[in-house]
Every structure is written in structure tokens, then in C-alpha cells.
$ cat run_23.cif   # mmCIF, C-alpha atoms
data_coords
#
loop_
_atom_site.label_atom_id
_atom_site.label_comp_id
_atom_site.auth_asym_id
_atom_site.auth_seq_id
_atom_site.Cartn_x
_atom_site.Cartn_y
_atom_site.Cartn_z
CA MET A 1 -88.40 -71.84 228.63
CA SER A 2 -85.81 -74.58 228.88
CA VAL A 3 -82.31 -73.79 230.06
CA ARG A 4 -79.26 -75.79 229.16
CA THR A 5 -75.50 -75.73 229.53
CA ILE A 6 -73.19 -75.03 226.61
CA ALA A 7 -72.90 -78.80 226.07
CA GLY A 8 -76.69 -79.08 225.85
CA LEU A 9 -76.86 -76.14 223.47
CA ALA A 10 -74.17 -77.68 221.27
CA ARG A 11 -75.92 -81.05 221.26
CA GLU A 12 -79.29 -79.55 220.31
CA GLY A 13 -77.63 -77.46 217.61
CA GLY A 14 -75.74 -80.43 216.19
CA VAL A 15 -72.31 -78.89 216.76
CA GLY A 16 -69.44 -79.18 219.18
CA VAL A 17 -68.90 -76.97 222.20
CA GLU A 18 -65.90 -75.33 220.52
CA THR A 19 -68.12 -74.37 217.58
CA VAL A 20 -70.51 -72.62 219.98
CA ARG A 21 -67.56 -70.76 221.50
CA PHE A 22 -66.29 -69.85 218.02
CA TYR A 23 -69.69 -68.38 217.11
CA GLN A 24 -69.65 -66.44 220.37
CA ARG A 25 -66.20 -65.01 219.61
CA ARG A 26 -67.44 -64.02 216.14
CA GLY A 27 -70.45 -62.26 217.68
CA LEU A 28 -73.02 -64.59 216.11
CA LEU A 29 -74.18 -66.05 219.42
CA PRO A 30 -74.46 -64.11 222.67
CA THR A 31 -72.37 -65.19 225.65
CA PRO A 32 -74.64 -65.26 228.70
CA GLU A 33 -73.55 -64.35 232.19
CA ARG A 34 -72.32 -67.10 234.49
CA TRP A 35 -74.87 -68.18 237.10
CA SER A 36 -74.27 -69.88 240.40
CA GLY A 37 -76.53 -70.75 243.30
CA HIS A 38 -75.91 -67.21 244.56
CA GLY A 39 -76.93 -65.40 241.37
CA VAL A 40 -74.67 -63.93 238.66
CA GLY A 41 -71.03 -64.81 239.14
CA GLY A 42 -68.59 -67.70 239.03
CA GLY A 43 -71.02 -70.47 238.02
CA ILE A 44 -71.94 -71.86 234.63
CA ARG A 45 -73.56 -70.22 231.64
CA ARG A 46 -77.17 -71.06 230.87
CA TYR A 47 -78.63 -70.99 227.36
CA GLY A 48 -82.28 -70.71 226.40
CA ASP A 49 -84.57 -71.67 223.55
CA GLU A 50 -83.68 -68.52 221.60
CA ASP A 51 -80.01 -69.55 221.67
CA VAL A 52 -80.95 -72.95 220.19
CA ARG A 53 -83.02 -71.25 217.49
CA ARG A 54 -80.18 -68.90 216.65
CA LEU A 55 -77.60 -71.70 216.55
CA ARG A 56 -79.79 -73.75 214.24
CA PHE A 57 -80.27 -70.70 212.03
CA ILE A 58 -76.49 -70.24 211.76
CA ARG A 59 -75.98 -73.91 210.86
CA SER A 60 -78.77 -73.85 208.27
CA ALA A 61 -77.43 -70.66 206.69
CA GLN A 62 -73.95 -72.19 206.53
CA THR A 63 -75.37 -75.27 204.87
CA ALA A 64 -76.91 -72.97 202.27
CA GLY A 65 -73.43 -71.57 201.68
CA PHE A 66 -73.67 -68.20 203.40
CA THR A 67 -70.46 -66.84 204.90
CA LEU A 68 -70.30 -65.94 208.58
CA GLU A 69 -70.39 -62.24 207.65
CA GLN A 70 -73.51 -62.78 205.57
CA ILE A 71 -75.05 -64.76 208.42
CA ARG A 72 -74.29 -61.90 210.81
CA GLU A 73 -76.07 -59.56 208.43
CA LEU A 74 -79.03 -61.93 208.07
CA LEU A 75 -79.32 -62.11 211.85
CA SER A 76 -79.38 -58.33 212.08
CA LEU A 77 -81.96 -58.19 209.28
CA ASP A 78 -84.14 -60.58 211.27
CA ALA A 79 -84.30 -57.98 214.01
CA SER A 80 -85.01 -55.12 211.59
CA GLU A 81 -87.32 -57.10 209.28
CA ASP A 82 -85.45 -55.79 206.20
CA ARG A 83 -86.78 -58.32 203.73
CA GLU A 84 -85.44 -56.51 200.68
CA ARG A 85 -81.84 -56.90 201.85
CA ALA A 86 -82.48 -60.51 202.85
CA ARG A 87 -83.75 -61.16 199.31
CA GLU A 88 -80.65 -59.47 197.88
CA LEU A 89 -78.38 -61.70 199.96
CA ALA A 90 -80.33 -64.77 198.88
CA ALA A 91 -80.09 -63.71 195.21
CA GLU A 92 -76.33 -63.21 195.56
CA ARG A 93 -75.99 -66.65 197.11
CA LEU A 94 -78.13 -68.21 194.37
CA ALA A 95 -75.95 -66.59 191.70
CA ALA A 96 -72.83 -67.95 193.39
CA LEU A 97 -74.39 -71.42 193.58
CA ASP A 98 -75.30 -71.24 189.89
CA ARG A 99 -71.67 -70.37 189.05
CA THR A 100 -70.42 -73.25 191.20
CA ILE A 101 -72.86 -75.67 189.58
CA ALA A 102 -71.78 -74.54 186.10
CA ASP A 103 -68.11 -74.99 187.06
CA LEU A 104 -68.82 -78.45 188.47
CA GLN A 105 -70.76 -79.47 185.36
CA GLU A 106 -67.85 -78.30 183.20
CA ALA A 107 -65.40 -80.27 185.34
CA ARG A 108 -67.65 -83.33 185.15
CA THR A 109 -67.80 -83.11 181.35
CA ALA A 110 -64.02 -82.76 181.12
CA LEU A 111 -63.42 -85.67 183.48
CA ARG A 112 -65.93 -87.84 181.64
CA ARG A 113 -64.10 -87.06 178.37
CA LEU A 114 -60.74 -87.90 179.95
CA ALA A 115 -62.07 -91.14 181.45
CA GLY A 116 -63.43 -92.12 178.03
CA ALA A 117 -60.08 -91.36 176.40
CA CYS A 118 -58.31 -93.40 179.07
CA ALA A 119 -60.63 -96.36 178.51
CA ALA A 120 -60.19 -96.18 174.72
CA THR A 121 -56.57 -97.34 174.78
CA ASP A 122 -54.18 -99.27 176.96
CA SER A 123 -51.03 -97.83 175.40
CA GLY A 124 -49.24 -94.55 175.91
CA PRO A 125 -49.66 -92.11 178.76
CA CYS A 126 -52.95 -92.03 180.60
CA PRO A 127 -54.94 -89.00 179.38
CA ILE A 128 -56.22 -88.34 182.92
CA ILE A 129 -52.74 -88.15 184.41
CA ALA A 130 -51.41 -86.19 181.44
CA ALA A 131 -54.22 -83.62 181.80
CA PHE A 132 -53.55 -83.15 185.52
CA GLN A 133 -49.85 -82.68 184.74
CA GLY A 134 -50.75 -79.87 182.36
CA GLU A 135 -50.19 -81.86 179.20
CA THR A 136 -52.78 -81.89 176.43
CA ALA A 137 -54.84 -85.02 176.09
#
$ encode --input "run_23.cif" --output "C-alpha cells"
Amino acid sequence: MSVRTIAGLAREGGVGVETVRFYQRRGLLPTPERWSGHGVGGGIRRYGDEDVRRLRFIRSAQTAGFTLEQIRELLSLDASEDRERARELAAERLAALDRTIADLQEARTALRRLAGACAATDSGPCPIIAAFQGETA
């Protein structure tokens, strides 16, 4: 097992040291004891391979759009092997992503329409600006 400092953990996890500390404060990552040449006490904290795995899991789950609370629950499910709840959380996240995608597609269609209206004429108010000001285009 490799051991590393908080800076090494952060580097391997692709985050900053303050992000590691934030996850520790939120209870997502454990905070190890400080070690010195004389054992536990005033030295530096050492992190292992499991800490790297957990940090990478958190980052991947965030990339997938899970909230920190959902990530905390997923981490606890990992320990209990509750796959049904994990599937429920994934289904909830997928539904939220589908809603976001639909909203983005609607926004894209509206913006495309406004850009076309703007390109159709050089006179009068710009339909894009008018729409963003709450005026009808």
C-alpha cells in the first residue's frame, strides 16, 4: 500500500488540497491521524490507496451530476451493497439529466429561431435582445 501526503492525494485525485479538506469536513473522506517519527501525534497525515479510490469515486459521481448528499449515500451503499437503492439513485439522476437535456434542447431551438429572425433583417430592434428584455420577438 502506498502512502501519500494530502498534496499527493489531491494530485492523484485531480483536485486541490482545499477540495480534499472540504470533502473531509463534509464527511465524504476520512481525516487520518497525524503521524510523526514518534508515532501518532503532531506530524503529518498519511493517505492510502483507499483514500485515492474514494476521492476518485467522489469526483466521478460529481461529474455524473450527483449531489454531495447523494454521493454520501452512494458511499454508504457501497459498504452495505444495497444495489436496489443505488439503482434508484441512478434512475433519479437519469431522470434529472433527461429534464435538463429537454430544457437545453428547448433553449437551443428558441435561440436558433431568434438568431434566424435576427439574420433576416437589419432594421428594427434585434429579436435576440428584445427576447432577453422580455419583449416578444
$ resolve_selection --input "run_23.cif" --expression "the PyMOL selection byres ((chain A and resi 72) around 12)" --output "list in words"
Tyr23, Gln24, Arg26, Gly27, Leu28, Leu29, Arg54, Leu55, Phe57, Ile58, Ala61, Gln62, Phe66, Thr67, Leu68, Glu69, Gln70, Ile71, Glu73, Leu74, Leu75, Ser76, Leu77, Asp78, Ala79, Ala86 and Leu89 of chain A
$ atom_distance --input "run_23.cif" --atom1 "CA of Ser60 in chain A" --atom2 "CA of Arg46 in chain A"
22.8 Å
$ resolve_selection --input "run_23.cif" --expression "the PyMOL selection byres ((chain A and resi 3-5) around 6)" --output "JSON, numbers by chain"
{"A": [2, 6, 7, 8, 46, 47, 48]}
$ atom_distance --input "run_23.cif" --atom1 "CA of Pro127 in chain A" --atom2 "CA of Ala115 in chain A"
7.7 Å
$ closest_residue --input "run_23.cif" --among "A:Leu94, A:Arg99, A:Phe132, A:Asp82" --to "Leu111 in chain A" --atoms "only C-alpha atoms"
A:Phe132
$ atom_distance --input "run_23.cif" --atom1 "CA of Met1 in chain A" --atom2 "CA of Trp35 in chain A"
16.4 Å
$ closest_residue --input "run_23.cif" --among "A:Arg83, A:Ala110, A:Glu92, A:Gly13" --to "Arg59 in chain A" --atoms "all atoms listed in the file"
A:Gly13
$ axis_aligned_box --input "run_23.cif" --around "range 1-15 of chain A" --padding-each-side "6 Å" --output "lines of an AutoDock Vina configuration file"
center_x = -80.4
center_y = -76.4
center_z = 223.1
size_x = 28.1
size_y = 21.2
size_z = 25.9
